[in-house]
$ cat target22.cif   # mmCIF, C-alpha atoms and all ligand atoms
data_query
loop_
_atom_site.group_PDB
_atom_site.id
_atom_site.type_symbol
_atom_site.label_atom_id
_atom_site.label_comp_id
_atom_site.auth_asym_id
_atom_site.auth_seq_id
_atom_site.Cartn_x
_atom_site.Cartn_y
_atom_site.Cartn_z
ATOM 1 C CA MET A 1 134.733 79.390 103.422
ATOM 2 C CA ASN A 2 131.677 81.235 104.742
ATOM 3 C CA ALA A 3 130.482 84.458 103.147
ATOM 4 C CA PRO A 4 131.275 87.670 105.040
ATOM 5 C CA HIS A 5 128.498 89.229 107.060
ATOM 6 C CA GLY A 6 125.939 91.039 104.907
ATOM 7 C CA PHE A 7 126.615 89.139 101.666
ATOM 8 C CA ARG A 8 123.638 87.309 100.164
ATOM 9 C CA LYS A 9 123.720 84.281 97.938
ATOM 10 C CA SER A 10 122.040 84.747 94.578
ATOM 11 C CA TRP A 11 121.204 81.665 92.483
ATOM 12 C CA PHE A 12 121.610 81.592 88.715
ATOM 13 C CA ASP A 13 123.657 84.766 88.695
ATOM 14 C CA TRP A 14 126.800 84.490 86.594
ATOM 15 C CA PHE A 15 130.003 85.186 88.507
ATOM 16 C CA ALA A 16 133.613 85.188 87.281
ATOM 17 C CA CYS A 17 136.289 86.300 89.719
ATOM 18 C CA PRO A 18 138.840 88.693 88.170
ATOM 19 C CA ASN A 19 141.415 87.756 90.837
ATOM 20 C CA CYS A 20 141.560 83.957 90.668
ATOM 21 C CA GLY A 21 139.405 83.041 87.641
ATOM 22 C CA TYR A 22 136.791 81.156 89.685
ATOM 23 C CA ARG A 23 133.472 80.881 87.828
ATOM 24 C CA SER A 24 130.088 80.052 89.245
ATOM 25 C CA VAL A 25 126.368 80.199 88.478
ATOM 26 C CA PHE A 26 125.665 81.821 91.818
ATOM 27 C CA SER A 27 127.165 84.841 93.470
ATOM 28 C CA TYR A 28 127.475 86.396 96.892
ATOM 29 C CA TRP A 29 126.688 90.083 96.764
ATOM 30 C CA THR A 30 125.921 93.102 98.849
ATOM 31 C CA ALA A 31 125.334 96.789 98.197
ATOM 32 C CA ARG A 32 127.280 99.592 99.843
ATOM 33 C CA ILE A 33 126.949 103.359 99.677
ATOM 34 C CA GLY A 34 129.746 104.809 97.544
ATOM 35 C CA SER A 35 132.520 107.009 98.879
ATOM 36 C CA ASP A 36 130.767 110.087 97.452
ATOM 37 C CA ARG A 37 127.646 109.225 99.526
ATOM 38 C CA LYS A 38 125.513 109.610 96.372
ATOM 39 C CA SER A 39 125.923 106.254 94.669
ATOM 40 C CA ILE A 40 125.391 102.608 95.503
ATOM 41 C CA LYS A 41 128.137 100.139 94.749
ATOM 42 C CA MET A 42 127.463 96.445 94.226
ATOM 43 C CA LEU A 43 130.153 94.284 95.803
ATOM 44 C CA PHE A 44 130.684 90.594 95.117
ATOM 45 C CA TRP A 45 132.589 88.128 97.243
ATOM 46 C CA CYS A 46 134.587 85.320 95.654
ATOM 47 C CA ARG A 47 133.987 82.001 97.365
ATOM 48 C CA SER A 48 137.309 80.644 96.122
ATOM 49 C CA CYS A 49 139.843 83.357 97.021
ATOM 50 C CA GLY A 50 137.762 85.447 99.429
ATOM 51 C CA ARG A 51 138.447 88.754 97.665
ATOM 52 C CA ILE A 52 135.904 91.416 96.844
ATOM 53 C CA CYS A 53 135.124 92.543 93.308
ATOM 54 C CA THR A 54 132.551 94.680 91.582
ATOM 55 C CA LEU A 55 130.918 94.993 88.188
ATOM 56 C CA LYS A 56 132.660 97.125 85.560
ATOM 57 C CA ARG A 57 129.299 98.435 84.287
ATOM 58 C CA GLN A 58 126.813 97.797 87.073
ATOM 59 C CA TRP A 59 124.127 99.864 85.296
ATOM 60 C CA LEU A 60 124.135 97.594 82.202
ATOM 61 C CA MET A 61 122.020 94.692 83.547
ATOM 62 C CA PRO A 62 119.240 96.879 85.030
ATOM 63 C CA VAL A 63 119.088 98.904 81.795
ATOM 64 C CA LEU A 64 118.899 95.752 79.646
ATOM 65 C CA ALA A 65 116.291 94.210 81.955
ATOM 66 C CA LEU A 66 114.091 97.305 82.021
ATOM 67 C CA CYS A 67 114.476 98.485 78.424
ATOM 68 C CA VAL A 68 114.775 95.220 76.465
ATOM 69 C CA VAL A 69 113.611 92.146 78.385
ATOM 70 C CA GLY A 70 110.870 93.941 80.351
ATOM 71 C CA PRO A 71 108.868 95.332 77.395
ATOM 72 C CA ILE A 72 109.171 92.086 75.405
ATOM 73 C CA SER A 73 108.007 89.962 78.349
ATOM 74 C CA PHE A 74 105.197 92.454 79.107
ATOM 75 C CA VAL A 75 103.880 92.196 75.543
ATOM 76 C CA LEU A 76 104.110 88.388 75.673
ATOM 77 C CA VAL A 77 102.308 88.128 79.038
ATOM 78 C CA TYR A 78 99.684 90.673 77.942
ATOM 79 C CA TRP A 79 99.052 88.829 74.695
ATOM 80 C CA LEU A 80 98.821 85.447 76.481
ATOM 81 C CA LEU A 81 96.451 86.854 79.117
ATOM 82 C CA VAL A 82 94.155 88.501 76.552
ATOM 83 C CA ASP A 83 94.233 85.375 74.384
ATOM 84 C CA GLY A 84 93.440 83.227 77.444
ATOM 85 C CA LEU A 85 90.514 85.452 78.429
ATOM 86 C CA MET A 86 89.112 85.553 74.885
ATOM 87 C CA ASN A 87 89.222 81.780 74.501
ATOM 88 C CA ILE A 88 88.077 81.125 78.096
ATOM 89 C CA ASN A 89 91.099 78.953 78.670
ATOM 90 C CA ILE A 90 92.707 80.892 81.497
ATOM 91 C CA LEU A 91 94.526 77.880 83.013
ATOM 92 C CA TRP A 92 96.365 77.276 79.771
ATOM 93 C CA ALA A 93 97.209 80.998 79.585
ATOM 94 C CA LEU A 94 98.492 80.960 83.193
ATOM 95 C CA PHE A 95 100.693 77.985 82.325
ATOM 96 C CA TRP A 96 102.216 79.874 79.404
ATOM 97 C CA ILE A 97 102.636 83.010 81.521
ATOM 98 C CA ALA A 98 104.578 80.924 84.067
ATOM 99 C CA CYS A 99 106.708 79.645 81.179
ATOM 100 C CA VAL A 100 107.362 83.231 80.071
ATOM 101 C CA LEU A 101 108.438 84.229 83.604
ATOM 102 C CA VAL A 102 110.833 81.267 83.832
ATOM 103 C CA GLY A 103 112.071 82.140 80.337
ATOM 104 C CA VAL A 104 112.694 85.756 81.374
ATOM 105 C CA TYR A 105 114.792 84.500 84.295
ATOM 106 C CA ALA A 106 116.769 82.247 81.946
ATOM 107 C CA VAL A 107 117.255 85.036 79.381
ATOM 108 C CA LEU A 108 118.477 87.425 82.090
ATOM 109 C CA PHE A 109 120.966 84.772 83.227
ATOM 110 C CA LEU A 110 122.235 84.316 79.669
ATOM 111 C CA ILE A 111 122.518 88.073 79.128
ATOM 112 C CA GLY A 112 124.366 88.357 82.435
ATOM 113 C CA ARG A 113 126.790 85.665 81.293
ATOM 114 C CA PHE A 114 128.045 88.014 78.585
ATOM 115 C CA ALA A 115 127.174 91.471 79.931
ATOM 116 C CA LYS A 116 128.624 91.115 83.422
ATOM 117 C CA GLU A 117 132.309 91.907 83.616
ATOM 118 C CA TYR A 118 133.773 91.732 87.093
ATOM 119 C CA ILE A 119 136.759 93.827 88.139
ATOM 120 C CA ALA A 120 138.737 93.898 91.353
ATOM 121 C CA ALA A 121 137.260 96.298 93.885
ATOM 122 C CA THR A 122 139.290 98.903 95.723
ATOM 123 C CA HIS A 123 136.790 98.606 98.567
ATOM 124 C CA ASN A 124 138.497 97.348 101.743
ATOM 125 C CA GLU A 125 135.427 95.868 103.418
ATOM 126 C CA PRO A 126 134.903 93.530 105.128
HETATM 127 ZN ZN ZN B 201 138.494 84.701 93.358
#
$ encode --input "target22.cif" --output "structure tokens" --more "lines below"
Ligand SMILES: [Zn+2]
Amino acid sequence: MNAPHGFRKSWFDWFACPNCGYRSVFSYWTARIGSDRKSIKMLFWCRSCGRICTLKRQWLMPVLALCVVGPISFVLVYWLLVDGLMNINILWALFWIACVLVGVYAVLFLIGRFAKEYIAATHNEP
């Protein structure tokens, strides 16, 4: 089953369909302007049953990423960069910074595994 037009595939993004129970580590998503014309609604397409669903609390992941994971990773990268510059071992510092960035991606996936709760969407598209 091919994804509807406009839906993008996102790797390492936890998805659990509320309609059929299908679970996956990647999702197909798109964003639509809400019915009030003031909000943006994230829509997800289930590859198994073809229905559309949305997140129950779509603000939770951006808030956690910006307020929790972001500051911690910034401090880590800053500390590694300063330490690398002080010890004139910038390649080693860049290696550890790359590890931190991969770790941030993994942590966001794990947080999403528990923070993302999908519900059936009333949206009729597509
Ligand atoms: Zn489904």
$ residues_near_point --input "target22.cif" --point "(130.9, 79.8, 88.5)" --cutoff "12 Å" --atoms "only C-alpha atoms" --output "list in words"
Ser10, Trp11, Phe12, Asp13, Trp14, Phe15, Ala16, Cys17, Pro18, Cys20, Gly21, Tyr22, Arg23, Ser24, Val25, Phe26, Ser27, Tyr28, Cys46, Arg47, Ser48 and Arg113 of chain A
$ closest_residue --input "target22.cif" --among "A:Gly50, A:Gly103, A:Pro62, A:Gly112" --to "ligand ZN 201 (chain B)" --atoms "only C-alpha atoms and all ligand atoms"
A:Gly50
$ atom_distance --input "target22.cif" --atom1 "atom CA of A:Asn87" --atom2 "atom CA of A:Val102"
23.5 Å
$ atom_distance --input "target22.cif" --atom1 "atom CA of A:Ser73" --atom2 "atom CA of A:Leu85"
18.1 Å
$ atom_distance --input "target22.cif" --atom1 "atom CA of A:Phe95" --atom2 "atom CA of A:Met61"
27.1 Å
$ closest_residue --input "target22.cif" --among "A:Leu81, A:Val107, A:Ile33, A:Ala121" --to "ligand ZN 201 (chain B)" --atoms "all atoms listed in the file"
A:Ala121
$ closest_residue --input "target22.cif" --among "A:Met42, A:Val100, A:Ala106, A:Met1" --to "ligand ZN 201 (chain B)" --atoms "all atoms listed in the file"
A:Met1
$ residues_around --input "target22.cif" --residues "A:Ala31" --least-positions-apart "6" --cutoff "9 Å" --atoms "only C-alpha atoms" --output "number ranges by chain"
A: 6-7, 40-44
$ write_last_selection --input "target22.cif" --atoms "C-alpha atoms" --output "mmCIF file, keeping the file's coordinate frame"
data_model
loop_
_atom_site.group_PDB
_atom_site.id
_atom_site.type_symbol
_atom_site.label_atom_id
_atom_site.label_comp_id
_atom_site.auth_asym_id
_atom_site.auth_seq_id
_atom_site.Cartn_x
_atom_site.Cartn_y
_atom_site.Cartn_z
ATOM 1 C CA GLY A 6 125.939 91.039 104.907
ATOM 2 C CA PHE A 7 126.615 89.139 101.666
ATOM 3 C CA ILE A 40 125.391 102.608 95.503
ATOM 4 C CA LYS A 41 128.137 100.139 94.749
ATOM 5 C CA MET A 42 127.463 96.445 94.226
ATOM 6 C CA LEU A 43 130.153 94.284 95.803
ATOM 7 C CA PHE A 44 130.684 90.594 95.117
#
$ resolve_selection --input "target22.cif" --expression "the PyMOL selection byres (((chain A and resi 80) around 12) and not hetatm)" --output "ChimeraX atom specification"
/A:73-79,81-100
$ residues_around --input "target22.cif" --residues "A:Leu64" --least-positions-apart "3" --cutoff "10 Å" --atoms "all atoms listed in the file" --output "VMD selection string"
chain A and resid 59 to 61 67 to 70 108 111 to 112 115
$ closest_residue --input "target22.cif" --among "A:Leu55, A:Ile119, A:Leu66, A:Leu110" --to "ligand ZN 201 (chain B)" --atoms "only C-alpha atoms and all ligand atoms"
A:Ile119
$ residues_around --input "target22.cif" --residues "A:Lys56" --least-positions-apart "5" --cutoff "8 Å" --atoms "all atoms listed in the file" --output "list in words"
Lys116, Glu117, Tyr118 and Ile119 of chain A
$ axis_aligned_box --input "target22.cif" --around "stretch 67-77 of chain A" --padding-each-side "6 Å" --output "lines of an AutoDock Vina configuration file"
center_x = 108.5
center_y = 93.3
center_z = 77.9
size_x = 24.5
size_y = 22.4
size_z = 16.9
$ closest_residue --input "target22.cif" --among "A:Ala65, A:Phe114, A:Cys53, A:Thr122" --to "ligand ZN 201 (chain B)" --atoms "all atoms listed in the file"
A:Cys53
$ build_atoms --input "target22.cif" --residues "stretch 60-91 of chain A" --atoms "N, CA and C atoms" --output "PDB file, in the frame of the given file"
ATOM      1  N   LEU A  60     124.495  98.251  83.460  1.00  0.00           N
ATOM      2  CA  LEU A  60     124.135  97.594  82.202  1.00  0.00           C
ATOM      3  C   LEU A  60     122.998  96.580  82.370  1.00  0.00           C
ATOM      4  N   MET A  61     123.055  95.719  83.380  1.00  0.00           N
ATOM      5  CA  MET A  61     122.020  94.692  83.547  1.00  0.00           C
ATOM      6  C   MET A  61     120.655  95.303  83.871  1.00  0.00           C
ATOM      7  N   PRO A  62     120.559  96.279  84.807  1.00  0.00           N
ATOM      8  CA  PRO A  62     119.240  96.879  85.030  1.00  0.00           C
ATOM      9  C   PRO A  62     118.683  97.568  83.792  1.00  0.00           C
ATOM     10  N   VAL A  63     119.559  98.225  83.018  1.00  0.00           N
ATOM     11  CA  VAL A  63     119.088  98.904  81.795  1.00  0.00           C
ATOM     12  C   VAL A  63     118.583  97.887  80.781  1.00  0.00           C
ATOM     13  N   LEU A  64     119.336  96.791  80.585  1.00  0.00           N
ATOM     14  CA  LEU A  64     118.899  95.752  79.646  1.00  0.00           C
ATOM     15  C   LEU A  64     117.604  95.098  80.114  1.00  0.00           C
ATOM     16  N   ALA A  65     117.497  94.861  81.422  1.00  0.00           N
ATOM     17  CA  ALA A  65     116.291  94.210  81.955  1.00  0.00           C
ATOM     18  C   ALA A  65     115.075  95.115  81.791  1.00  0.00           C
ATOM     19  N   LEU A  66     115.232  96.392  82.075  1.00  0.00           N
ATOM     20  CA  LEU A  66     114.091  97.305  82.021  1.00  0.00           C
ATOM     21  C   LEU A  66     113.735  97.720  80.596  1.00  0.00           C
ATOM     22  N   CYS A  67     114.735  97.922  79.756  1.00  0.00           N
ATOM     23  CA  CYS A  67     114.476  98.485  78.424  1.00  0.00           C
ATOM     24  C   CYS A  67     114.334  97.429  77.332  1.00  0.00           C
ATOM     25  N   VAL A  68     114.840  96.230  77.519  1.00  0.00           N
ATOM     26  CA  VAL A  68     114.775  95.220  76.465  1.00  0.00           C
ATOM     27  C   VAL A  68     113.910  94.040  76.898  1.00  0.00           C
ATOM     28  N   VAL A  69     114.311  93.370  77.971  1.00  0.00           N
ATOM     29  CA  VAL A  69     113.611  92.146  78.385  1.00  0.00           C
ATOM     30  C   VAL A  69     112.236  92.477  78.959  1.00  0.00           C
ATOM     31  N   GLY A  70     112.136  93.565  79.722  1.00  0.00           N
ATOM     32  CA  GLY A  70     110.870  93.941  80.351  1.00  0.00           C
ATOM     33  C   GLY A  70     109.750  94.186  79.356  1.00  0.00           C
ATOM     34  N   PRO A  71     109.937  95.083  78.366  1.00  0.00           N
ATOM     35  CA  PRO A  71     108.868  95.332  77.395  1.00  0.00           C
ATOM     36  C   PRO A  71     108.484  94.097  76.591  1.00  0.00           C
ATOM     37  N   ILE A  72     109.475  93.297  76.183  1.00  0.00           N
ATOM     38  CA  ILE A  72     109.171  92.086  75.405  1.00  0.00           C
ATOM     39  C   ILE A  72     108.350  91.113  76.243  1.00  0.00           C
ATOM     40  N   SER A  73     108.754  90.896  77.498  1.00  0.00           N
ATOM     41  CA  SER A  73     108.007  89.962  78.349  1.00  0.00           C
ATOM     42  C   SER A  73     106.624  90.524  78.689  1.00  0.00           C
ATOM     43  N   PHE A  74     106.507  91.854  78.840  1.00  0.00           N
ATOM     44  CA  PHE A  74     105.197  92.454  79.107  1.00  0.00           C
ATOM     45  C   PHE A  74     104.239  92.201  77.945  1.00  0.00           C
ATOM     46  N   VAL A  75     104.724  92.416  76.720  1.00  0.00           N
ATOM     47  CA  VAL A  75     103.880  92.196  75.543  1.00  0.00           C
ATOM     48  C   VAL A  75     103.467  90.727  75.461  1.00  0.00           C
ATOM     49  N   LEU A  76     104.416  89.815  75.716  1.00  0.00           N
ATOM     50  CA  LEU A  76     104.110  88.388  75.673  1.00  0.00           C
ATOM     51  C   LEU A  76     103.062  88.005  76.713  1.00  0.00           C
ATOM     52  N   VAL A  77     103.249  88.462  77.967  1.00  0.00           N
ATOM     53  CA  VAL A  77     102.308  88.128  79.038  1.00  0.00           C
ATOM     54  C   VAL A  77     100.949  88.748  78.746  1.00  0.00           C
ATOM     55  N   TYR A  78     100.941  89.991  78.275  1.00  0.00           N
ATOM     56  CA  TYR A  78      99.684  90.673  77.942  1.00  0.00           C
ATOM     57  C   TYR A  78      98.931  89.922  76.846  1.00  0.00           C
ATOM     58  N   TRP A  79      99.657  89.545  75.814  1.00  0.00           N
ATOM     59  CA  TRP A  79      99.052  88.829  74.695  1.00  0.00           C
ATOM     60  C   TRP A  79      98.501  87.473  75.158  1.00  0.00           C
ATOM     61  N   LEU A  80      99.280  86.748  75.982  1.00  0.00           N
ATOM     62  CA  LEU A  80      98.821  85.447  76.481  1.00  0.00           C
ATOM     63  C   LEU A  80      97.595  85.596  77.374  1.00  0.00           C
ATOM     64  N   LEU A  81      97.581  86.647  78.215  1.00  0.00           N
ATOM     65  CA  LEU A  81      96.451  86.854  79.117  1.00  0.00           C
ATOM     66  C   LEU A  81      95.185  87.211  78.333  1.00  0.00           C
ATOM     67  N   VAL A  82      95.309  88.115  77.366  1.00  0.00           N
ATOM     68  CA  VAL A  82      94.155  88.501  76.552  1.00  0.00           C
ATOM     69  C   VAL A  82      93.663  87.310  75.744  1.00  0.00           C
ATOM     70  N   ASP A  83      94.605  86.559  75.158  1.00  0.00           N
ATOM     71  CA  ASP A  83      94.233  85.375  74.384  1.00  0.00           C
ATOM     72  C   ASP A  83      93.550  84.345  75.277  1.00  0.00           C
ATOM     73  N   GLY A  84      94.042  84.171  76.511  1.00  0.00           N
ATOM     74  CA  GLY A  84      93.440  83.227  77.444  1.00  0.00           C
ATOM     75  C   GLY A  84      92.049  83.653  77.852  1.00  0.00           C
ATOM     76  N   LEU A  85      91.837  84.967  78.035  1.00  0.00           N
ATOM     77  CA  LEU A  85      90.514  85.452  78.429  1.00  0.00           C
ATOM     78  C   LEU A  85      89.528  85.361  77.275  1.00  0.00           C
ATOM     79  N   MET A  86      89.989  85.616  76.055  1.00  0.00           N
ATOM     80  CA  MET A  86      89.112  85.553  74.885  1.00  0.00           C
ATOM     81  C   MET A  86      88.653  84.121  74.612  1.00  0.00           C
ATOM     82  N   ASN A  87      89.545  83.175  74.803  1.00  0.00           N
ATOM     83  CA  ASN A  87      89.222  81.780  74.501  1.00  0.00           C
ATOM     84  C   ASN A  87      88.731  81.018  75.732  1.00  0.00           C
ATOM     85  N   ILE A  88      88.540  81.714  76.842  1.00  0.00           N
ATOM     86  CA  ILE A  88      88.077  81.125  78.096  1.00  0.00           C
ATOM     87  C   ILE A  88      88.894  79.883  78.443  1.00  0.00           C
ATOM     88  N   ASN A  89      90.192  80.034  78.325  1.00  0.00           N
ATOM     89  CA  ASN A  89      91.099  78.953  78.670  1.00  0.00           C
ATOM     90  C   ASN A  89      92.209  79.554  79.527  1.00  0.00           C
ATOM     91  N   ILE A  90      91.790  80.115  80.672  1.00  0.00           N
ATOM     92  CA  ILE A  90      92.707  80.892  81.497  1.00  0.00           C
ATOM     93  C   ILE A  90      93.793  80.014  82.120  1.00  0.00           C
ATOM     94  N   LEU A  91      93.499  78.750  82.417  1.00  0.00           N
ATOM     95  CA  LEU A  91      94.526  77.880  83.013  1.00  0.00           C
ATOM     96  C   LEU A  91      95.680  77.659  82.044  1.00  0.00           C
TER      97      LEU A  91
END
